[in-house]
Amino acid sequence: MKPAAPRCIAIAGPTASGKSAASLAVAQRWPVEIVSVDSALVFRGMDIGTAKPTADERAQAPHHLIDILDPLESYSAAAFVRDATALVDQIASRGRTALLVGGTMLYFKALLAGLDTMPPADAAVREAIDARARQAGWPALHAELARVDPATAARLPPTDSQRIQRALEVFEVSGRPISCFQSGRTHDPQSPLAPDHLISLEPTERSWLHARIAQRFEDMLAQGFMDEVRRLRGRGDLSTGLPSMRCVGYRQAWELMDQHGESLPPAQQTELRERGIFATRQLAKRQLTWLRSMPQRKVIACDAPDALAQVLTSVAQRLGEPA
């Protein structure tokens, strides 16, 4: 007797590795519903800069956890685990398989390994940290973190403001390094996702991914990304202190507009391209580092000519069906 199909399968990978195309190819062949594993796609009104699936793409298969929050709101790994676990159950009840797709590796790790109880966010402490950063710069706060939590500081670049802020916040609230709240387990037996059901698209040649990242950023600009940022700025209630506006591309555009006005001069348009592409490359590097900490993942070379066929074969194997 054929074993029961898994309730969920995942496709992960760095930005621009072909995850969306792979997920739609899977959806054309099997009864799946796509669950986004992306901390940027949850926000409404942020479509171009997040490479959000188009209306036509979303019409090809049900998509979940997209456009669920206003950019003023925040979304956590704990909220993702809660929502994704509920969706996996709901999708299974419809006789379908949840296909988890995205590049927010913290969400994948939280779903696979479970979450440790950490101090909740403290708005007053966070604002005080941001004020120090505005005055001294994030590298100075990185040095501050190195004094109280050297292990965490060692794995964070001095410009990773979001993680430096959270690590300092946890230390100031609890008096303990954030690493004390992060267990070493790799899999929670209660997780709906089995470690070997994670398919990972990873390039063998980093230059291939870099070229795709650069082309994607150019395409975003051509599609009206700057107009999208201007609309968000026009609301009057958003700032780079919010998780939504820290997303790659948005932050760089916002900061340059603050300095040079919303119609950027040609030199600053070039600077935006350079900064946006560099920040996206850094994001991809961090994503690949996260993935390598998940040894049971099934790695597929996303720059291989037959990458898509390999994804379909791998999904078929996990569903217990002929390739």
# chains A, B, ... in the order shown; residues from 1 in each chain; ligands from 1

$ closest_atom_pairs --of "region 135-176 of chain A" --to "region 107-118 of chain A" --cutoff "12 Å" --atoms "only C-alpha atoms" --output "Markdown table"
| residue | atom | partner | partner_atom | distance |
| --- | --- | --- | --- | --- |
| A:Arg166 | CA | A:Met118 | CA | 10.8 |
| A:Ala167 | CA | A:Met118 | CA | 10.8 |
| A:Glu169 | CA | A:Met118 | CA | 10.9 |
| A:Val170 | CA | A:Met118 | CA | 7.7 |
| A:Phe171 | CA | A:Met118 | CA | 10.6 |
| A:Val173 | CA | A:Met118 | CA | 10.1 |
| A:Ser174 | CA | A:Met118 | CA | 9.0 |
| A:Gly175 | CA | A:Met118 | CA | 12.0 |
| A:Arg176 | CA | A:Met118 | CA | 10.4 |

$ write_last_selection --atoms "all heavy atoms" --output "PDB file, in the first residue's frame"
ATOM      1  N   ARG A 166      17.562  43.733  17.790  1.00  0.00           N
ATOM      2  CA  ARG A 166      16.845  42.708  18.553  1.00  0.00           C
ATOM      3  C   ARG A 166      17.750  42.065  19.605  1.00  0.00           C
ATOM      4  O   ARG A 166      17.318  41.827  20.749  1.00  0.00           O
ATOM      5  CB  ARG A 166      16.287  41.643  17.607  1.00  0.00           C
ATOM      6  CG  ARG A 166      15.548  40.505  18.296  1.00  0.00           C
ATOM      7  CD  ARG A 166      14.391  41.001  19.135  1.00  0.00           C
ATOM      8  NE  ARG A 166      13.623  39.899  19.720  1.00  0.00           N
ATOM      9  CZ  ARG A 166      12.909  39.985  20.824  1.00  0.00           C
ATOM     10  NH1 ARG A 166      12.839  41.133  21.483  1.00  0.00           N
ATOM     11  NH2 ARG A 166      12.243  38.946  21.273  1.00  0.00           N
ATOM     12  N   ALA A 167      19.016  41.819  19.242  1.00  0.00           N
ATOM     13  CA  ALA A 167      19.927  41.198  20.207  1.00  0.00           C
ATOM     14  C   ALA A 167      20.182  42.120  21.394  1.00  0.00           C
ATOM     15  O   ALA A 167      20.205  41.670  22.552  1.00  0.00           O
ATOM     16  CB  ALA A 167      21.240  40.833  19.519  1.00  0.00           C
ATOM     17  N   GLU A 169      18.133  44.480  22.390  1.00  0.00           N
ATOM     18  CA  GLU A 169      16.857  44.583  23.099  1.00  0.00           C
ATOM     19  C   GLU A 169      16.680  43.406  24.058  1.00  0.00           C
ATOM     20  O   GLU A 169      16.313  43.594  25.230  1.00  0.00           O
ATOM     21  CB  GLU A 169      15.719  44.621  22.087  1.00  0.00           C
ATOM     22  CG  GLU A 169      14.329  44.667  22.703  1.00  0.00           C
ATOM     23  CD  GLU A 169      13.237  44.493  21.659  1.00  0.00           C
ATOM     24  OE1 GLU A 169      13.483  43.838  20.625  1.00  0.00           O
ATOM     25  OE2 GLU A 169      12.138  44.990  21.888  1.00  0.00           O
ATOM     26  N   VAL A 170      16.946  42.195  23.569  1.00  0.00           N
ATOM     27  CA  VAL A 170      16.807  41.012  24.418  1.00  0.00           C
ATOM     28  C   VAL A 170      17.749  41.110  25.616  1.00  0.00           C
ATOM     29  O   VAL A 170      17.363  40.806  26.755  1.00  0.00           O
ATOM     30  CB  VAL A 170      17.083  39.728  23.606  1.00  0.00           C
ATOM     31  CG1 VAL A 170      17.245  38.522  24.535  1.00  0.00           C
ATOM     32  CG2 VAL A 170      15.947  39.478  22.620  1.00  0.00           C
ATOM     33  N   PHE A 171      18.982  41.543  25.373  1.00  0.00           N
ATOM     34  CA  PHE A 171      19.926  41.645  26.485  1.00  0.00           C
ATOM     35  C   PHE A 171      19.478  42.690  27.498  1.00  0.00           C
ATOM     36  O   PHE A 171      19.540  42.458  28.711  1.00  0.00           O
ATOM     37  CB  PHE A 171      21.327  41.992  25.967  1.00  0.00           C
ATOM     38  CG  PHE A 171      22.355  42.053  27.063  1.00  0.00           C
ATOM     39  CD1 PHE A 171      22.925  40.885  27.550  1.00  0.00           C
ATOM     40  CD2 PHE A 171      22.718  43.263  27.635  1.00  0.00           C
ATOM     41  CE1 PHE A 171      23.852  40.925  28.580  1.00  0.00           C
ATOM     42  CE2 PHE A 171      23.637  43.311  28.669  1.00  0.00           C
ATOM     43  CZ  PHE A 171      24.207  42.138  29.148  1.00  0.00           C
ATOM     44  N   VAL A 173      16.455  43.784  28.099  1.00  0.00           N
ATOM     45  CA  VAL A 173      15.214  43.402  28.779  1.00  0.00           C
ATOM     46  C   VAL A 173      15.456  42.275  29.777  1.00  0.00           C
ATOM     47  O   VAL A 173      14.896  42.271  30.882  1.00  0.00           O
ATOM     48  CB  VAL A 173      14.147  42.990  27.740  1.00  0.00           C
ATOM     49  CG1 VAL A 173      12.954  42.335  28.420  1.00  0.00           C
ATOM     50  CG2 VAL A 173      13.683  44.210  26.947  1.00  0.00           C
ATOM     51  N   SER A 174      16.307  41.305  29.386  1.00  0.00           N
ATOM     52  CA  SER A 174      16.454  40.089  30.196  1.00  0.00           C
ATOM     53  C   SER A 174      17.765  40.005  30.961  1.00  0.00           C
ATOM     54  O   SER A 174      17.878  39.224  31.915  1.00  0.00           O
ATOM     55  CB  SER A 174      16.343  38.856  29.298  1.00  0.00           C
ATOM     56  OG  SER A 174      17.476  38.770  28.444  1.00  0.00           O
ATOM     57  N   GLY A 175      18.782  40.761  30.502  1.00  0.00           N
ATOM     58  CA  GLY A 175      20.100  40.627  31.098  1.00  0.00           C
ATOM     59  C   GLY A 175      20.852  39.410  30.617  1.00  0.00           C
ATOM     60  O   GLY A 175      21.935  39.084  31.140  1.00  0.00           O
ATOM     61  N   ARG A 176      20.315  38.726  29.590  1.00  0.00           N
ATOM     62  CA  ARG A 176      20.937  37.513  29.065  1.00  0.00           C
ATOM     63  C   ARG A 176      21.131  37.647  27.565  1.00  0.00           C
ATOM     64  O   ARG A 176      20.295  38.252  26.871  1.00  0.00           O
ATOM     65  CB  ARG A 176      20.060  36.284  29.358  1.00  0.00           C
ATOM     66  CG  ARG A 176      19.811  36.029  30.839  1.00  0.00           C
ATOM     67  CD  ARG A 176      18.686  35.026  31.030  1.00  0.00           C
ATOM     68  NE  ARG A 176      18.992  33.735  30.430  1.00  0.00           N
ATOM     69  CZ  ARG A 176      18.058  32.817  30.160  1.00  0.00           C
ATOM     70  NH1 ARG A 176      16.794  33.052  30.424  1.00  0.00           N
ATOM     71  NH2 ARG A 176      18.404  31.664  29.625  1.00  0.00           N
TER      72      ARG A 176
END

$ closest_atom_pairs --of "region 159-258 of chain A" --to "region 294-309 of chain A" --cutoff "10 Å" --atoms "only C-alpha atoms" --output "Markdown table"
| residue | atom | partner | partner_atom | distance |
| --- | --- | --- | --- | --- |
| A:Thr186 | CA | A:Met294 | CA | 7.5 |
| A:His187 | CA | A:Met294 | CA | 9.6 |
| A:Ala194 | CA | A:Gln296 | CA | 9.1 |
| A:Pro195 | CA | A:Gln296 | CA | 5.6 |
| A:Asp196 | CA | A:Gln296 | CA | 5.1 |
| A:His197 | CA | A:Arg297 | CA | 6.9 |
| A:Leu198 | CA | A:Arg297 | CA | 5.0 |
| A:Ile199 | CA | A:Lys298 | CA | 4.7 |
| A:Ser200 | CA | A:Val299 | CA | 4.8 |
| A:Leu201 | CA | A:Cys302 | CA | 5.0 |
| A:Glu202 | CA | A:Ala301 | CA | 5.2 |
| A:Pro203 | CA | A:Ala301 | CA | 5.2 |
| A:Thr204 | CA | A:Ala301 | CA | 6.1 |
| A:Glu205 | CA | A:Asp303 | CA | 7.4 |
| A:Arg206 | CA | A:Asp303 | CA | 9.3 |
| A:Trp208 | CA | A:Asp303 | CA | 6.8 |
| A:Leu209 | CA | A:Asp303 | CA | 7.9 |

$ write_last_selection --atoms "N, CA, C and O atoms" --output "short mmCIF file (atom, residue, chain, number, x, y, z; two decimals), in the first residue's frame"
data_model
loop_
_atom_site.label_atom_id
_atom_site.label_comp_id
_atom_site.auth_asym_id
_atom_site.auth_seq_id
_atom_site.Cartn_x
_atom_site.Cartn_y
_atom_site.Cartn_z
N THR A 186 17.55 20.75 15.91
CA THR A 186 17.36 20.98 14.48
C THR A 186 15.96 20.59 14.01
O THR A 186 15.56 20.98 12.92
N HIS A 187 15.23 19.80 14.83
CA HIS A 187 13.89 19.43 14.40
C HIS A 187 12.99 19.18 15.60
O HIS A 187 13.36 18.46 16.54
N ALA A 194 8.83 17.81 7.65
CA ALA A 194 9.97 16.92 7.90
C ALA A 194 11.22 17.54 7.27
O ALA A 194 11.16 18.11 6.18
N PRO A 195 12.38 17.43 7.93
CA PRO A 195 13.59 18.06 7.41
C PRO A 195 13.94 17.63 5.99
O PRO A 195 14.41 18.43 5.19
N ASP A 196 13.70 16.34 5.67
CA ASP A 196 14.06 15.88 4.33
C ASP A 196 12.99 16.18 3.29
O ASP A 196 13.10 15.76 2.14
N HIS A 197 11.95 16.89 3.68
CA HIS A 197 10.95 17.36 2.72
C HIS A 197 11.18 18.83 2.35
O HIS A 197 10.32 19.47 1.77
N LEU A 198 12.36 19.33 2.71
CA LEU A 198 12.75 20.69 2.33
C LEU A 198 13.67 20.60 1.11
O LEU A 198 14.78 20.07 1.19
N ILE A 199 13.19 21.11 -0.02
CA ILE A 199 13.96 21.17 -1.26
C ILE A 199 14.60 22.55 -1.34
O ILE A 199 13.92 23.56 -1.22
N SER A 200 15.90 22.58 -1.54
CA SER A 200 16.63 23.84 -1.50
C SER A 200 17.29 24.13 -2.85
O SER A 200 18.10 23.33 -3.35
N LEU A 201 16.94 25.27 -3.44
CA LEU A 201 17.52 25.70 -4.71
C LEU A 201 18.76 26.55 -4.40
O LEU A 201 18.64 27.64 -3.85
N GLU A 202 19.94 26.04 -4.75
CA GLU A 202 21.18 26.72 -4.42
C GLU A 202 22.10 26.73 -5.65
O GLU A 202 22.23 25.71 -6.33
N PRO A 203 22.73 27.86 -5.95
CA PRO A 203 23.57 27.93 -7.15
C PRO A 203 24.93 27.27 -6.94
O PRO A 203 25.50 27.34 -5.85
N THR A 204 25.44 26.64 -7.99
CA THR A 204 26.82 26.16 -7.93
C THR A 204 27.78 27.29 -8.27
O THR A 204 28.91 27.31 -7.80
N GLU A 205 27.32 28.24 -9.09
CA GLU A 205 28.13 29.41 -9.45
C GLU A 205 27.46 30.66 -8.89
O GLU A 205 26.36 31.02 -9.32
N ARG A 206 28.10 31.33 -7.94
CA ARG A 206 27.51 32.52 -7.33
C ARG A 206 27.28 33.62 -8.37
O ARG A 206 26.36 34.41 -8.24
N TRP A 208 26.12 33.36 -11.31
CA TRP A 208 24.81 33.15 -11.94
C TRP A 208 23.73 33.84 -11.12
O TRP A 208 22.87 34.55 -11.66
N LEU A 209 23.78 33.65 -9.82
CA LEU A 209 22.78 34.27 -8.95
C LEU A 209 22.95 35.78 -8.94
O LEU A 209 21.96 36.52 -8.98
#

$ residues_around --residues "region 91-97 of chain A" --least-positions-apart "3" --cutoff "9 Å" --atoms "only C-alpha atoms" --output "CSV table (one decimal) with all heavy atoms, in the first residue's frame"
chain,number,residue,atom,x,y,z
A,5,ALA,N,0.6,10.6,1.6
A,5,ALA,CA,1.3,11.7,1.2
A,5,ALA,C,1.6,12.7,2.4
A,5,ALA,O,0.8,12.8,3.3
A,5,ALA,CB,0.6,12.4,0.1
A,6,PRO,N,2.7,13.3,2.3
A,6,PRO,CA,3.0,14.3,3.4
A,6,PRO,C,2.1,15.4,3.4
A,6,PRO,O,1.5,15.8,2.3
A,6,PRO,CB,4.5,14.7,3.1
A,6,PRO,CG,4.6,14.5,1.6
A,6,PRO,CD,3.8,13.3,1.3
A,7,ARG,N,1.8,16.0,4.5
A,7,ARG,CA,0.9,17.2,4.6
A,7,ARG,C,1.5,18.4,4.0
A,7,ARG,O,0.8,19.3,3.5
A,7,ARG,CB,0.5,17.5,6.0
A,7,ARG,CG,-0.4,16.4,6.6
A,7,ARG,CD,-0.9,16.8,8.0
A,7,ARG,NE,0.2,17.1,8.9
A,7,ARG,CZ,0.1,18.0,9.9
A,7,ARG,NH1,-0.9,18.7,10.1
A,7,ARG,NH2,1.1,18.2,10.7
A,8,CYS,N,2.9,18.5,3.9
A,8,CYS,CA,3.5,19.6,3.3
A,8,CYS,C,4.9,19.3,2.8
A,8,CYS,O,5.6,18.4,3.3
A,8,CYS,CB,3.6,20.8,4.3
A,8,CYS,SG,4.6,20.5,5.8
A,9,ILE,N,5.3,20.0,1.8
A,9,ILE,CA,6.6,20.0,1.2
A,9,ILE,C,7.1,21.4,1.1
A,9,ILE,O,6.3,22.3,0.9
A,9,ILE,CB,6.6,19.3,-0.2
A,9,ILE,CG1,6.2,17.8,0.0
A,9,ILE,CG2,7.9,19.4,-0.9
A,9,ILE,CD1,5.9,17.1,-1.4
A,30,TRP,N,0.3,18.8,-9.5
A,30,TRP,CA,-0.3,18.2,-8.3
A,30,TRP,C,-1.2,19.1,-7.6
A,30,TRP,O,-1.1,20.3,-7.7
A,30,TRP,CB,0.8,17.7,-7.3
A,30,TRP,CG,1.7,16.6,-7.8
A,30,TRP,CD1,1.3,15.3,-7.9
A,30,TRP,CD2,3.0,16.7,-8.3
A,30,TRP,NE1,2.4,14.5,-8.4
A,30,TRP,CE2,3.4,15.4,-8.6
A,30,TRP,CE3,3.9,17.8,-8.5
A,30,TRP,CZ2,4.7,15.1,-9.2
A,30,TRP,CZ3,5.2,17.5,-9.0
A,30,TRP,CH2,5.5,16.2,-9.4
A,31,PRO,N,-2.2,18.6,-6.8
A,31,PRO,CA,-3.1,19.4,-6.0
A,31,PRO,C,-2.5,20.0,-4.8
A,31,PRO,O,-2.5,19.4,-3.7
A,31,PRO,CB,-4.2,18.5,-5.7
A,31,PRO,CG,-3.6,17.1,-5.6
A,31,PRO,CD,-2.5,17.1,-6.6
A,32,VAL,N,-1.8,21.2,-5.0
A,32,VAL,CA,-1.1,21.8,-3.9
A,32,VAL,C,-1.7,23.2,-3.7
A,32,VAL,O,-2.3,23.8,-4.6
A,32,VAL,CB,0.4,21.9,-4.1
A,32,VAL,CG1,1.0,20.6,-4.3
A,32,VAL,CG2,0.7,22.8,-5.3
A,33,GLU,N,-1.5,23.8,-2.5
A,33,GLU,CA,-1.8,25.2,-2.2
A,33,GLU,C,-0.5,25.8,-1.7
A,33,GLU,O,0.2,25.2,-0.9
A,33,GLU,CB,-2.9,25.3,-1.2
A,33,GLU,CG,-4.2,24.8,-1.7
A,33,GLU,CD,-5.4,25.1,-0.8
A,33,GLU,OE1,-5.4,26.1,-0.1
A,33,GLU,OE2,-6.4,24.3,-0.9
A,34,ILE,N,-0.1,26.9,-2.2
A,34,ILE,CA,1.2,27.5,-1.9
A,34,ILE,C,1.0,28.4,-0.7
A,34,ILE,O,0.2,29.3,-0.6
A,34,ILE,CB,1.7,28.4,-3.1
A,34,ILE,CG1,1.9,27.4,-4.3
A,34,ILE,CG2,2.9,29.1,-2.8
A,34,ILE,CD1,2.1,28.1,-5.6
A,86,ALA,N,-1.5,26.1,11.0
A,86,ALA,CA,-3.0,26.0,10.8
A,86,ALA,C,-3.3,25.8,9.4
A,86,ALA,O,-4.3,25.1,9.0
A,86,ALA,CB,-3.6,27.3,11.4
A,87,LEU,N,-2.6,26.5,8.5
A,87,LEU,CA,-2.9,26.4,7.1
A,87,LEU,C,-2.6,25.0,6.6
A,87,LEU,O,-3.3,24.4,5.7
A,87,LEU,CB,-2.1,27.4,6.3
A,87,LEU,CG,-2.6,28.8,6.3
A,87,LEU,CD1,-1.6,29.8,5.8
A,87,LEU,CD2,-3.9,28.9,5.4
A,88,VAL,N,-1.5,24.4,7.0
A,88,VAL,CA,-1.2,23.0,6.6
A,88,VAL,C,-2.3,22.1,7.0
A,88,VAL,O,-2.7,21.2,6.2
A,88,VAL,CB,0.2,22.6,7.3
A,88,VAL,CG1,0.4,21.0,7.1
A,88,VAL,CG2,1.4,23.3,6.7

$ select_by_dssp --residues "region 105-221 of chain A" --states "alpha helix (DSSP H)" --output "ChimeraX atom specification"
/A:105-113,123-136,138-148,150-155,161-174,206-221

$ closest_residue --among "A:Glu57, A:Asp227, A:Asp160, A:Asp83" --to "Gly137 (chain A)" --atoms "only C-alpha atoms"
A:Asp160

$ closest_atom_pairs --of "region 94-187 of chain A" --to "region 287-293 of chain A" --cutoff "8 Å" --atoms "only C-alpha atoms" --output "Markdown table"
| residue | atom | partner | partner_atom | distance |
| --- | --- | --- | --- | --- |
| A:Gly103 | CA | A:Gln287 | CA | 6.9 |
| A:Thr104 | CA | A:Gln287 | CA | 7.5 |
| A:Met105 | CA | A:Trp290 | CA | 6.2 |
| A:Leu106 | CA | A:Trp290 | CA | 8.0 |

$ closest_atom_pairs --of "region 190-300 of chain A" --to "region 37-52 of chain A" --cutoff "7 Å" --atoms "only C-alpha atoms" --output "JSON lines"
{"residue": "A:Met220", "atom": "CA", "partner": "A:Ile48", "partner_atom": "CA", "distance": 5.9}
{"residue": "A:Phe225", "atom": "CA", "partner": "A:Ile48", "partner_atom": "CA", "distance": 5.7}
{"residue": "A:Ser244", "atom": "CA", "partner": "A:Ala40", "partner_atom": "CA", "distance": 6.7}
{"residue": "A:Cys247", "atom": "CA", "partner": "A:Ala40", "partner_atom": "CA", "distance": 6.7}
{"residue": "A:Gly249", "atom": "CA", "partner": "A:Gly49", "partner_atom": "CA", "distance": 6.5}
{"residue": "A:Tyr250", "atom": "CA", "partner": "A:Gly49", "partner_atom": "CA", "distance": 6.9}

$ select_by_dssp --residues "region 44-255 of chain A" --states "strand (DSSP E)" --output "list in words"
His63, His64, Thr97, Ala98, Leu99, Leu100, Val101, Gly102, Leu198, Ile199, Ser200, Leu201 and Glu202 of chain A

$ decode --residues "region 285-308 of chain A" --atoms "N, CA, C and O atoms" --output "mmCIF file, in the first residue's frame"
data_model
loop_
_atom_site.group_PDB
_atom_site.id
_atom_site.type_symbol
_atom_site.label_atom_id
_atom_site.label_comp_id
_atom_site.auth_asym_id
_atom_site.auth_seq_id
_atom_site.Cartn_x
_atom_site.Cartn_y
_atom_site.Cartn_z
ATOM 1 N N LYS A 285 23.436 35.901 0.437
ATOM 2 C CA LYS A 285 24.530 35.245 1.163
ATOM 3 C C LYS A 285 24.051 34.743 2.518
ATOM 4 O O LYS A 285 24.374 33.618 2.934
ATOM 5 N N ARG A 286 23.282 35.580 3.226
ATOM 6 C CA ARG A 286 22.752 35.151 4.529
ATOM 7 C C ARG A 286 21.779 33.988 4.365
ATOM 8 O O ARG A 286 21.763 33.049 5.192
ATOM 9 N N GLN A 287 20.955 34.026 3.321
ATOM 10 C CA GLN A 287 20.005 32.938 3.100
ATOM 11 C C GLN A 287 20.734 31.611 2.878
ATOM 12 O O GLN A 287 20.335 30.571 3.407
ATOM 13 N N LEU A 288 21.800 31.642 2.103
ATOM 14 C CA LEU A 288 22.557 30.418 1.838
ATOM 15 C C LEU A 288 23.242 29.911 3.107
ATOM 16 O O LEU A 288 23.326 28.701 3.325
ATOM 17 N N THR A 289 23.706 30.827 3.942
ATOM 18 C CA THR A 289 24.306 30.416 5.219
ATOM 19 C C THR A 289 23.279 29.691 6.085
ATOM 20 O O THR A 289 23.572 28.646 6.688
ATOM 21 N N TRP A 290 22.066 30.236 6.160
ATOM 22 C CA TRP A 290 20.991 29.576 6.906
ATOM 23 C C TRP A 290 20.734 28.180 6.346
ATOM 24 O O TRP A 290 20.603 27.203 7.104
ATOM 25 N N LEU A 291 20.647 28.073 5.027
ATOM 26 C CA LEU A 291 20.304 26.790 4.423
ATOM 27 C C LEU A 291 21.349 25.727 4.740
ATOM 28 O O LEU A 291 21.011 24.561 4.956
ATOM 29 N N ARG A 292 22.594 26.128 4.774
ATOM 30 C CA ARG A 292 23.651 25.141 5.042
ATOM 31 C C ARG A 292 23.600 24.613 6.473
ATOM 32 O O ARG A 292 24.255 23.623 6.782
ATOM 33 N N SER A 293 22.821 25.261 7.334
ATOM 34 C CA SER A 293 22.654 24.753 8.700
ATOM 35 C C SER A 293 21.527 23.725 8.772
ATOM 36 O O SER A 293 21.201 23.255 9.863
ATOM 37 N N MET A 294 20.938 23.394 7.613
ATOM 38 C CA MET A 294 19.850 22.414 7.550
ATOM 39 C C MET A 294 20.334 21.212 6.737
ATOM 40 O O MET A 294 20.032 21.089 5.545
ATOM 41 N N PRO A 295 21.107 20.311 7.340
ATOM 42 C CA PRO A 295 21.809 19.282 6.576
ATOM 43 C C PRO A 295 20.923 18.265 5.881
ATOM 44 O O PRO A 295 21.369 17.609 4.927
ATOM 45 N N GLN A 296 19.683 18.106 6.318
ATOM 46 C CA GLN A 296 18.826 17.088 5.707
ATOM 47 C C GLN A 296 18.074 17.600 4.478
ATOM 48 O O GLN A 296 17.336 16.853 3.850
ATOM 49 N N ARG A 297 18.268 18.869 4.127
ATOM 50 C CA ARG A 297 17.584 19.414 2.958
ATOM 51 C C ARG A 297 18.038 18.700 1.684
ATOM 52 O O ARG A 297 19.156 18.179 1.616
ATOM 53 N N LYS A 298 17.178 18.690 0.690
ATOM 54 C CA LYS A 298 17.509 18.147 -0.627
ATOM 55 C C LYS A 298 17.976 19.309 -1.494
ATOM 56 O O LYS A 298 17.192 20.192 -1.846
ATOM 57 N N VAL A 299 19.258 19.332 -1.839
ATOM 58 C CA VAL A 299 19.827 20.444 -2.603
ATOM 59 C C VAL A 299 19.704 20.175 -4.090
ATOM 60 O O VAL A 299 20.060 19.096 -4.583
ATOM 61 N N ILE A 300 19.194 21.170 -4.803
ATOM 62 C CA ILE A 300 19.129 21.138 -6.263
ATOM 63 C C ILE A 300 19.840 22.385 -6.780
ATOM 64 O O ILE A 300 19.584 23.495 -6.307
ATOM 65 N N ALA A 301 20.742 22.201 -7.724
ATOM 66 C CA ALA A 301 21.478 23.335 -8.299
ATOM 67 C C ALA A 301 20.524 24.153 -9.157
ATOM 68 O O ALA A 301 20.080 23.695 -10.222
ATOM 69 N N CYS A 302 20.209 25.356 -8.687
ATOM 70 C CA CYS A 302 19.230 26.167 -9.413
ATOM 71 C C CYS A 302 19.768 26.693 -10.736
ATOM 72 O O CYS A 302 18.990 27.128 -11.593
ATOM 73 N N ASP A 303 21.104 26.658 -10.927
ATOM 74 C CA ASP A 303 21.675 27.094 -12.193
ATOM 75 C C ASP A 303 21.906 25.933 -13.157
ATOM 76 O O ASP A 303 22.490 26.125 -14.231
ATOM 77 N N ALA A 304 21.448 24.741 -12.802
ATOM 78 C CA ALA A 304 21.551 23.599 -13.721
ATOM 79 C C ALA A 304 20.476 23.701 -14.803
ATOM 80 O O ALA A 304 19.364 24.170 -14.539
ATOM 81 N N PRO A 305 20.771 23.272 -16.021
ATOM 82 C CA PRO A 305 19.779 23.368 -17.100
ATOM 83 C C PRO A 305 18.486 22.613 -16.804
ATOM 84 O O PRO A 305 17.418 23.001 -17.262
ATOM 85 N N ASP A 306 18.595 21.533 -16.041
ATOM 86 C CA ASP A 306 17.415 20.717 -15.738
ATOM 87 C C ASP A 306 16.914 20.926 -14.322
ATOM 88 O O ASP A 306 16.280 20.031 -13.741
ATOM 89 N N ALA A 307 17.159 22.100 -13.746
ATOM 90 C CA ALA A 307 16.777 22.346 -12.349
ATOM 91 C C ALA A 307 15.293 22.118 -12.124
ATOM 92 O O ALA A 307 14.883 21.492 -11.140
ATOM 93 N N LEU A 308 14.464 22.638 -13.026
ATOM 94 C CA LEU A 308 13.016 22.500 -12.842
ATOM 95 C C LEU A 308 12.600 21.029 -12.891
ATOM 96 O O LEU A 308 11.773 20.586 -12.083
#
